[in-house]
$ cat target39.txt   # compact mmCIF, C-alpha atoms
# COMPACT_ATOMS: atom_id res chain seq x y z
CA MET X 1 0.01 1.99 36.98
CA SER X 2 -1.42 4.48 34.56
CA PHE X 3 -4.16 3.26 32.24
CA TYR X 4 -2.11 4.49 29.31
CA GLN X 5 1.41 3.25 28.94
CA GLY X 6 4.40 4.52 27.08
CA LEU X 7 5.80 3.34 23.82
CA GLN X 8 8.92 3.97 21.83
CA ALA X 9 9.17 4.17 18.05
CA ASP X 10 12.31 4.21 15.96
CA VAL X 11 13.54 3.63 12.45
CA VAL X 12 15.69 0.52 12.55
CA ALA X 13 17.72 -1.60 10.15
CA PHE X 14 16.63 -5.12 9.26
CA ARG X 15 18.03 -7.87 7.05
CA GLY X 16 15.67 -8.64 4.21
CA HIS X 17 15.59 -10.83 1.13
CA ASN X 18 19.03 -11.96 -0.05
CA GLY X 19 20.54 -10.45 3.10
CA ASP X 20 19.92 -6.91 1.89
CA THR X 21 19.76 -4.34 4.68
CA GLY X 22 16.71 -2.12 4.69
CA GLU X 23 14.90 0.20 7.01
CA ALA X 24 11.82 -0.43 9.07
CA TYR X 25 9.64 1.43 11.54
CA TYR X 26 9.55 -0.32 14.91
CA ALA X 27 7.38 0.54 17.90
CA ARG X 28 7.03 -1.30 21.19
CA PRO X 29 5.80 -0.74 24.73
CA THR X 30 8.45 0.76 26.99
CA ARG X 31 7.38 -1.20 30.05
CA ALA X 32 9.20 -4.39 30.95
CA GLY X 33 7.70 -7.55 29.59
CA ARG X 34 7.50 -9.93 26.68
CA PHE X 35 5.21 -9.01 23.86
CA PRO X 36 3.83 -10.66 20.74
CA GLY X 37 5.21 -9.28 17.51
CA ILE X 38 3.22 -7.88 14.61
CA VAL X 39 4.60 -7.32 11.11
CA VAL X 40 2.62 -4.59 9.35
CA ILE X 41 2.81 -4.89 5.57
CA HIS X 42 2.21 -1.57 3.87
CA HIS X 43 -0.04 -0.90 0.92
CA LEU X 44 0.95 -0.24 -2.66
CA PRO X 45 1.19 3.58 -2.47
CA GLY X 46 4.04 3.10 -0.07
CA TRP X 47 5.44 3.34 3.42
CA ASP X 48 3.25 6.24 4.45
CA GLU X 49 2.31 8.04 7.61
CA TRP X 50 -0.90 6.08 8.13
CA ILE X 51 1.08 2.85 8.21
CA MET X 52 3.35 4.36 10.90
CA GLU X 53 0.20 5.22 12.88
CA VAL X 54 -0.89 1.60 12.63
CA VAL X 55 2.48 0.43 13.96
CA ARG X 56 2.20 2.77 16.93
CA LYS X 57 -1.38 1.64 17.51
CA PHE X 58 -0.18 -1.93 17.97
CA ALA X 59 2.52 -0.80 20.40
CA HIS X 60 -0.11 1.14 22.32
CA HIS X 61 -2.11 -2.07 22.62
CA GLY X 62 0.79 -4.13 23.96
CA PHE X 63 2.47 -5.49 20.84
CA ALA X 64 5.96 -5.01 19.41
CA ALA X 65 5.23 -3.98 15.84
CA ILE X 66 7.34 -3.39 12.79
CA SER X 67 6.65 -2.15 9.28
CA HIS X 68 9.45 -2.88 6.88
CA HIS X 69 9.86 -0.60 3.89
CA LEU X 70 9.23 -2.89 0.94
CA TYR X 71 10.73 -0.36 -1.47
CA PHE X 72 13.98 0.36 0.41
CA ARG X 73 16.12 -0.85 -2.47
CA GLU X 74 15.11 2.28 -4.40
CA GLY X 75 17.41 4.26 -2.12
CA GLU X 76 17.01 7.67 -0.53
CA GLY X 77 13.98 9.83 -1.06
CA SER X 78 10.51 10.52 0.19
CA PRO X 79 8.34 7.39 0.43
CA ASP X 80 5.82 8.78 -2.07
CA ASP X 81 8.46 9.42 -4.74
CA ILE X 82 9.97 6.00 -4.10
CA GLY X 83 6.52 4.41 -4.30
CA ALA X 84 5.90 6.13 -7.62
CA ARG X 85 9.12 4.74 -9.07
CA VAL X 86 8.28 1.22 -7.87
CA ARG X 87 4.80 1.47 -9.36
CA ALA X 88 6.20 2.67 -12.69
CA ALA X 89 8.54 -0.33 -12.68
CA GLY X 90 5.63 -2.74 -12.20
CA GLY X 91 5.83 -3.22 -8.45
CA VAL X 92 8.02 -5.46 -6.32
CA ALA X 93 8.46 -9.18 -6.81
CA ASP X 94 6.50 -11.52 -4.57
CA ALA X 95 9.59 -13.53 -3.67
CA GLN X 96 11.34 -10.36 -2.53
CA VAL X 97 8.36 -9.28 -0.39
CA VAL X 98 8.18 -12.70 1.23
CA GLY X 99 11.92 -12.63 1.92
CA ASP X 100 11.72 -9.15 3.39
CA THR X 101 8.78 -10.17 5.55
CA ALA X 102 10.76 -13.13 6.87
CA GLY X 103 13.49 -10.64 7.76
CA ALA X 104 11.05 -8.41 9.64
CA MET X 105 9.78 -11.45 11.56
CA ALA X 106 13.35 -12.42 12.43
CA PHE X 107 14.00 -8.89 13.69
CA LEU X 108 11.06 -9.13 16.10
CA ARG X 109 11.99 -12.60 17.33
CA ALA X 110 15.57 -11.45 18.00
CA GLN X 111 14.45 -8.73 20.42
CA SER X 112 14.65 -9.41 24.13
CA ASN X 113 11.03 -8.27 24.52
CA SER X 114 9.65 -10.99 22.21
CA ASN X 115 7.27 -13.63 23.53
CA GLY X 116 8.12 -15.72 20.47
CA LYS X 117 4.77 -15.25 18.72
CA ILE X 118 4.43 -13.37 15.45
CA GLY X 119 1.37 -12.10 13.65
CA LEU X 120 1.15 -10.55 10.21
CA ILE X 121 -1.25 -7.88 9.00
CA GLY X 122 -1.44 -6.24 5.62
CA PHE X 123 -3.65 -3.69 3.94
CA CYS X 124 -4.68 -3.50 0.30
CA SER X 125 -1.77 -5.00 -1.71
CA GLY X 126 -0.26 -5.68 1.70
CA GLY X 127 -3.28 -7.86 2.45
CA ARG X 128 -2.39 -9.94 -0.57
CA HIS X 129 1.25 -10.00 0.56
CA CYS X 130 0.08 -11.11 4.00
CA TYR X 131 -1.90 -14.00 2.51
CA LEU X 132 1.10 -14.92 0.38
CA ALA X 133 3.54 -14.79 3.30
CA ALA X 134 1.19 -16.85 5.48
CA CYS X 135 1.28 -19.53 2.76
CA SER X 136 5.03 -19.30 2.28
CA LEU X 137 6.78 -18.72 5.60
CA PRO X 138 7.18 -20.92 8.66
CA GLY X 139 6.58 -19.39 12.06
CA VAL X 140 3.53 -17.25 11.31
CA ASP X 141 1.19 -17.61 14.28
CA ALA X 142 -1.72 -15.50 13.01
CA ALA X 143 -2.40 -13.55 9.81
CA VAL X 144 -4.81 -10.70 9.09
CA ASP X 145 -5.73 -9.90 5.50
CA CYS X 146 -7.39 -6.50 5.26
CA TRP X 147 -9.09 -6.28 1.84
CA GLY X 148 -6.19 -7.73 -0.07
CA GLY X 149 -6.94 -7.61 -3.79
CA ASN X 150 -5.71 -10.09 -6.39
CA VAL X 151 -5.57 -13.04 -3.99
CA ILE X 152 -7.72 -14.59 -6.69
CA VAL X 153 -6.49 -13.79 -10.18
CA ASP X 154 -9.28 -14.16 -12.70
CA ASN X 155 -7.23 -12.95 -15.66
CA PRO X 156 -4.12 -15.13 -16.14
CA LYS X 157 -2.51 -12.26 -18.06
CA GLU X 158 -2.08 -10.51 -14.71
CA LEU X 159 0.45 -13.15 -13.67
CA ASN X 160 4.01 -12.31 -14.59
CA ASP X 161 7.61 -12.82 -13.50
CA LYS X 162 7.11 -10.67 -10.40
CA ARG X 163 3.78 -12.18 -9.45
CA PRO X 164 3.92 -15.68 -10.96
CA VAL X 165 1.31 -17.40 -8.79
CA ALA X 166 -2.10 -16.37 -7.50
CA PRO X 167 -1.95 -16.56 -3.69
CA ILE X 168 -5.19 -18.54 -3.63
CA ASP X 169 -3.34 -21.40 -5.32
CA LEU X 170 -0.96 -21.60 -2.33
CA THR X 171 -3.71 -21.85 0.28
CA GLU X 172 -2.98 -25.50 0.98
CA LYS X 173 0.32 -24.39 2.55
CA MET X 174 -1.25 -21.92 4.97
CA THR X 175 -0.76 -23.10 8.53
CA ALA X 176 -1.60 -19.96 10.53
CA PRO X 177 -5.14 -18.97 11.45
CA LEU X 178 -6.41 -16.24 9.12
CA LEU X 179 -8.66 -13.27 9.82
CA GLY X 180 -10.10 -11.52 6.78
CA LEU X 181 -11.83 -8.13 6.82
CA PHE X 182 -13.61 -6.88 3.73
CA GLY X 183 -15.93 -4.10 2.58
CA ASN X 184 -18.87 -5.29 0.55
CA ASP X 185 -18.58 -2.29 -1.79
CA ASP X 186 -14.96 -3.05 -2.65
CA ALA X 187 -14.08 -3.53 -6.32
CA ASN X 188 -10.88 -5.46 -5.55
CA PRO X 189 -11.52 -7.86 -3.98
CA THR X 190 -15.15 -8.07 -5.02
CA ALA X 191 -17.69 -9.72 -2.74
CA ASP X 192 -17.70 -12.66 -5.13
CA GLN X 193 -13.92 -13.05 -4.91
CA VAL X 194 -14.12 -12.93 -1.11
CA ASN X 195 -16.75 -15.67 -1.23
CA ARG X 196 -14.58 -17.78 -3.51
CA THR X 197 -11.54 -17.30 -1.26
CA GLU X 198 -13.60 -18.39 1.73
CA ALA X 199 -14.82 -21.44 -0.20
CA VAL X 200 -11.23 -22.55 -0.80
CA LEU X 201 -10.28 -22.03 2.86
CA LYS X 202 -13.32 -23.98 3.95
CA LYS X 203 -12.73 -26.79 1.50
CA LEU X 204 -9.13 -27.16 2.70
CA GLY X 205 -10.19 -27.13 6.35
CA LYS X 206 -8.24 -24.00 7.22
CA ASN X 207 -8.70 -22.04 10.43
CA TYR X 208 -10.17 -18.75 9.31
CA GLU X 209 -12.64 -16.00 10.20
CA PHE X 210 -14.04 -13.67 7.55
CA TYR X 211 -16.05 -10.53 8.30
CA ARG X 212 -17.81 -8.51 5.64
CA TYR X 213 -19.00 -4.96 6.18
CA ASP X 214 -21.93 -3.26 4.48
CA GLY X 215 -21.49 0.41 3.69
CA ALA X 216 -17.74 0.03 3.36
CA GLY X 217 -15.43 -0.34 0.40
CA HIS X 218 -11.69 -0.55 0.12
CA ALA X 219 -9.41 0.83 2.85
CA PHE X 220 -12.21 1.60 5.29
CA PHE X 221 -9.72 1.71 8.22
CA ASN X 222 -7.76 4.52 6.59
CA THR X 223 -8.47 7.72 8.49
CA SER X 224 -6.72 9.81 5.85
CA ARG X 225 -9.12 8.80 3.09
CA ASP X 226 -12.75 9.49 2.28
CA ALA X 227 -13.12 5.70 2.37
CA TYR X 228 -12.85 5.76 6.17
CA ARG X 229 -15.92 4.26 7.83
CA PRO X 230 -15.63 4.83 11.58
CA GLU X 231 -18.31 2.38 12.72
CA GLN X 232 -17.04 -0.46 10.57
CA ALA X 233 -13.40 0.37 11.32
CA LEU X 234 -13.94 0.38 15.08
CA ASP X 235 -15.59 -3.03 14.87
CA GLY X 236 -12.84 -4.27 12.57
CA TRP X 237 -10.08 -3.18 14.96
CA LYS X 238 -11.87 -5.01 17.78
CA LYS X 239 -11.87 -8.12 15.64
CA VAL X 240 -8.14 -7.71 14.93
CA PHE X 241 -7.16 -7.35 18.58
CA ALA X 242 -9.44 -10.17 19.73
CA PHE X 243 -7.93 -12.42 17.07
CA TYR X 244 -4.34 -11.58 17.98
CA ASN X 245 -5.01 -11.82 21.71
CA ARG X 246 -6.42 -15.28 21.16
CA HIS X 247 -3.62 -16.58 18.96
CA LEU X 248 -0.58 -14.67 20.13
CA ALA X 249 -1.17 -14.82 23.88
CA ALA X 250 -0.96 -11.07 24.17
CA ALA X 251 -0.01 -9.59 27.49
CA ALA X 252 -3.03 -9.40 29.75
CA ALA X 253 -2.08 -5.81 30.49
CA GLY X 254 -2.71 -4.82 26.88
CA ILE X 255 -5.27 -2.08 26.44
CA ALA X 256 -8.53 -3.32 24.99
CA ALA X 257 -9.57 -2.03 21.60
CA GLU X 258 -12.00 0.84 21.82
CA MET A 1 -7.86 -0.98 -6.64
CA CYS A 2 -4.22 -1.69 -6.01
CA SER A 3 -3.35 -2.41 -9.60
CA TYR A 4 0.02 -2.14 -11.23
CA ILE A 5 -1.46 -0.72 -14.40
CA VAL A 6 0.58 2.21 -15.64
CA GLU A 7 0.11 3.95 -18.95
CA LYS A 8 3.31 5.53 -20.18
CA ALA A 9 3.32 8.53 -22.49
CA ALA A 10 6.48 9.72 -24.20
CA LEU A 11 6.75 13.47 -23.89
CA VAL A 12 8.84 16.35 -25.07
CA GLY A 13 8.69 19.13 -22.56
CA SER A 14 9.68 20.60 -19.23
CA ALA A 15 8.23 20.65 -15.76
CA LYS A 16 9.01 22.58 -12.63
CA GLY A 17 9.57 20.46 -9.56
CA ARG A 18 11.30 20.45 -6.23
CA LYS A 19 14.65 21.39 -7.72
CA GLY A 20 13.34 23.86 -10.30
CA TRP A 21 12.84 23.30 -13.98
CA MET A 22 13.73 20.00 -15.57
CA ARG A 23 13.30 18.39 -18.93
CA ILE A 24 10.78 15.56 -18.96
CA ASP A 25 10.46 12.66 -21.35
CA THR A 26 7.73 10.52 -19.76
CA ALA A 27 4.36 10.74 -18.07
CA ASN A 28 3.36 7.73 -15.99
CA VAL A 29 -0.42 7.75 -15.81
CA TYR A 30 -2.51 5.52 -13.56
CA PHE A 31 -5.88 5.32 -11.88
CA ASP A 32 -5.50 3.89 -8.43
CA HIS A 33 -5.22 4.69 -4.75
CA PRO A 34 -3.60 8.04 -4.04
CA TYR A 35 -0.76 8.90 -1.74
CA HIS A 36 -1.94 12.37 -0.73
CA SER A 37 -5.52 12.88 -1.89
CA THR A 38 -8.35 11.78 0.38
CA LEU A 39 -10.24 10.28 -2.57
CA ASP A 40 -10.50 6.51 -2.87
CA HIS A 41 -9.08 6.57 -6.38
CA VAL A 42 -7.35 9.24 -8.39
CA LEU A 43 -6.03 9.78 -11.87
CA ALA A 44 -2.38 10.28 -11.08
CA ILE A 45 0.31 11.56 -13.40
CA ASP A 46 4.01 11.53 -12.63
CA PHE A 47 6.06 13.64 -15.03
CA THR A 48 9.62 12.35 -15.04
CA ASN A 49 12.80 12.16 -17.03
CA GLU A 50 13.42 8.45 -17.29
CA GLY A 51 16.39 9.13 -19.54
CA GLU A 52 18.07 10.60 -16.47
CA GLY A 53 16.95 7.87 -14.11
CA GLY A 54 13.46 9.13 -13.30
CA ARG A 55 14.30 9.94 -9.69
CA ASP A 56 12.64 13.36 -9.72
CA ARG A 57 9.03 13.83 -10.64
CA VAL A 58 6.26 16.37 -10.79
CA ALA A 59 3.15 14.63 -9.51
CA VAL A 60 -0.56 15.34 -9.62
CA GLU A 61 -3.49 13.38 -8.20
CA LEU A 62 -6.86 14.33 -9.76
CA SER A 63 -10.42 13.18 -9.32
CA ALA A 64 -11.72 11.19 -12.28
CA ASP A 65 -14.17 13.92 -13.26
CA SER A 66 -11.64 16.70 -13.06
CA ALA A 67 -9.15 14.61 -15.03
CA ARG A 68 -11.69 14.15 -17.82
CA ALA A 69 -12.46 17.87 -17.75
CA LEU A 70 -8.75 18.61 -17.94
CA VAL A 71 -8.38 16.39 -21.01
CA GLU A 72 -11.17 18.36 -22.70
CA ARG A 73 -9.57 21.69 -21.79
CA ILE A 74 -6.17 20.54 -23.05
CA LEU A 75 -7.69 19.51 -26.38
CA ALA A 76 -9.66 22.77 -26.55
CA ALA A 77 -6.55 24.82 -25.84
CA LEU A 78 -4.61 22.94 -28.48
CA ALA A 79 -7.39 23.42 -31.03
CA SER A 80 -7.54 27.14 -30.30
CA GLY A 81 -3.77 27.37 -30.46
CA ASP A 82 -3.61 25.56 -33.78
CA SER A 83 -6.24 27.89 -35.14
CA ALA A 84 -4.62 31.05 -33.84
CA HIS A 85 -1.10 30.17 -34.84
CA ALA A 86 -2.06 28.82 -38.24
CA ALA A 87 -3.80 32.06 -39.19
CA PRO A 88 -1.87 34.35 -41.53
CA ALA A 89 -0.07 37.13 -39.78
CA PRO A 90 -2.14 40.30 -39.73
CA THR A 91 -1.04 42.84 -42.26
CA ILE A 92 -0.17 46.23 -40.91
CA ALA A 93 -0.86 49.12 -43.19
CA VAL A 94 2.00 51.49 -43.39
CA SER A 95 1.55 54.80 -45.06
CA ALA A 96 4.56 56.66 -46.10
CA ALA A 97 4.67 60.19 -44.94
CA GLU A 98 5.11 62.56 -47.81
$ encode --input "target39.txt" --output "structure tokens"
Amino acid sequence: MSFYQGLQADVVAFRGHNGDTGEAYYARPTRAGRFPGIVVIHHLPGWDEWIMEVVRKFAHHGFAAISHHLYFREGEGSPDDIGARVRAAGGVADAQVVGDTAGAMAFLRAQSNSNGKIGLIGFCSGGRHCYLAACSLPGVDAAVDCWGGNVIVDNPKELNDKRPVAPIDLTEKMTAPLLGLFGNDDANPTADQVNRTEAVLKKLGKNYEFYRYDGAGHAFFNTSRDAYRPEQALDGWKKVFAFYNRHLAAAAAGIAAE
Amino acid sequence: MCSYIVEKAALVGSAKGRKGWMRIDTANVYFDHPYHSTLDHVLAIDFTNEGEGGRDRVAVELSADSARALVERILAALASGDSAHAAPAPTIAVSAAE
């Protein structure tokens, strides 16, 4: 068997919040087997090419991964234009994101290649959405928050109809183990906010691992940004795969993170 | 910083986009993560016509420094324009040929 193995990626339909049908990017190994599922929650700018690369990376490493387009209700158009319209309208509602994420999880579990385990990962605003979904949805087996901002909301004026509750206030309901990755130079979340989030998790006896990286800020995994920090990102990816392999019983044949 | 902060400016004007020229009535202005630029944060402006649904836009993503410099140049151009266009029209001497 070759060291590298094939994968297949497609745009698929999924049933989201309120039964609405949206599109998602789905990649999985082509070899026979049962694989853990990963739901990749995209960042605020939108459903962009880097997120598709992340989905394929998971498939390469032996996971069936999906990224659901959180802005699909805006209709046809390029993801950047759609993202701009959503931003101008104040973003998407938390309840809708959680419902859509439940739909993406259901899609993965319905596939014949599923091993029944589901992990979530989100970046930037998607990290916040990941934290929120892990506190709101049953059946999450592991969650990875990559530098999600606004998990702690220090200014109550930032709460509104779309984002009525700070995710930190839902932490009691989190049942899945949580991995958090953060850059110490990040402005949102700040190092202090990360510390305060960890204090709540610790106080509530949650199963979590937090890693903080010096010399890194926001989005330090993102190879298409100046923020990319290869050394920290390589270590971070190792942490992600080790975490998922531990909690999702990943196929032993999965390729180790490099 | 993944904010949802958007400053809206009402505009009267036109912009040339993917489908050619269009009238615009709004600029959505924000400072946040870009879609295309490699910078961590950009000053982004989306020129749109919200009166017609806002589906088309002309977008720019600028570094903070260049955005500030642009603001200065816009104000300088407007000041020069006000000065030039407010000046009385030059008189042209016409001498009648005898």
$ interface_residues --input "target39.txt" --of "chain X" --to "chain A" --cutoff "7 Å" --atoms "only C-alpha atoms" --output "list of chain:residue names"
X:Leu44, X:Pro45, X:Asp80, X:Arg87, X:Ala88, X:Gly90, X:Gly91, X:Cys124, X:Ser125, X:Gly149, X:Ala187, X:Asn188, X:Ser224, X:Arg225, X:Asp226, X:Ala227
$ atom_distance --input "target39.txt" --atom1 "atom CA of Asp192 of chain X" --atom2 "atom CA of Tyr131 of chain X"
17.6 Å
$ residues_near_point --input "target39.txt" --point "(7.7, 8.2, -25.7)" --cutoff "10 Å" --atoms "all atoms listed in the file" --output "NGL selection string"
:A and (8-12 or 25-27)
$ atom_distance --input "target39.txt" --atom1 "atom CA of Arg128 of chain X" --atom2 "atom CA of Ala13 of chain X"
24.3 Å
$ atom_distance --input "target39.txt" --atom1 "atom CA of Asn195 of chain X" --atom2 "atom CA of Pro138 of chain X"
26.4 Å
$ residues_around --input "target39.txt" --residues "Lys173 of chain X" --least-positions-apart "4" --cutoff "10 Å" --atoms "only C-alpha atoms" --output "PyMOL selection string"
chain X and resi 132+134-138+169+204+206
$ residues_near_point --input "target39.txt" --point "(13.1, 3.0, 13.4)" --cutoff "6 Å" --atoms "only C-alpha atoms" --output "list of chain:residue names"
X:Asp10, X:Val11, X:Val12, X:Ala24, X:Tyr25, X:Tyr26
$ write_last_selection --input "target39.txt" --atoms "C-alpha atoms" --output "PDB file, in the frame of the given file"
ATOM      1  CA  ASP X  10      12.310   4.210  15.960  1.00  0.00           C
ATOM      2  CA  VAL X  11      13.540   3.630  12.450  1.00  0.00           C
ATOM      3  CA  VAL X  12      15.690   0.520  12.550  1.00  0.00           C
ATOM      4  CA  ALA X  24      11.820  -0.430   9.070  1.00  0.00           C
ATOM      5  CA  TYR X  25       9.640   1.430  11.540  1.00  0.00           C
ATOM      6  CA  TYR X  26       9.550  -0.320  14.910  1.00  0.00           C
TER       7      TYR X  26
END
$ residues_around --input "target39.txt" --residues "segment 232-234 of chain X" --least-positions-apart "6" --cutoff "7 Å" --atoms "all atoms listed in the file" --output "VMD selection string"
chain X and resid 213 220 to 221
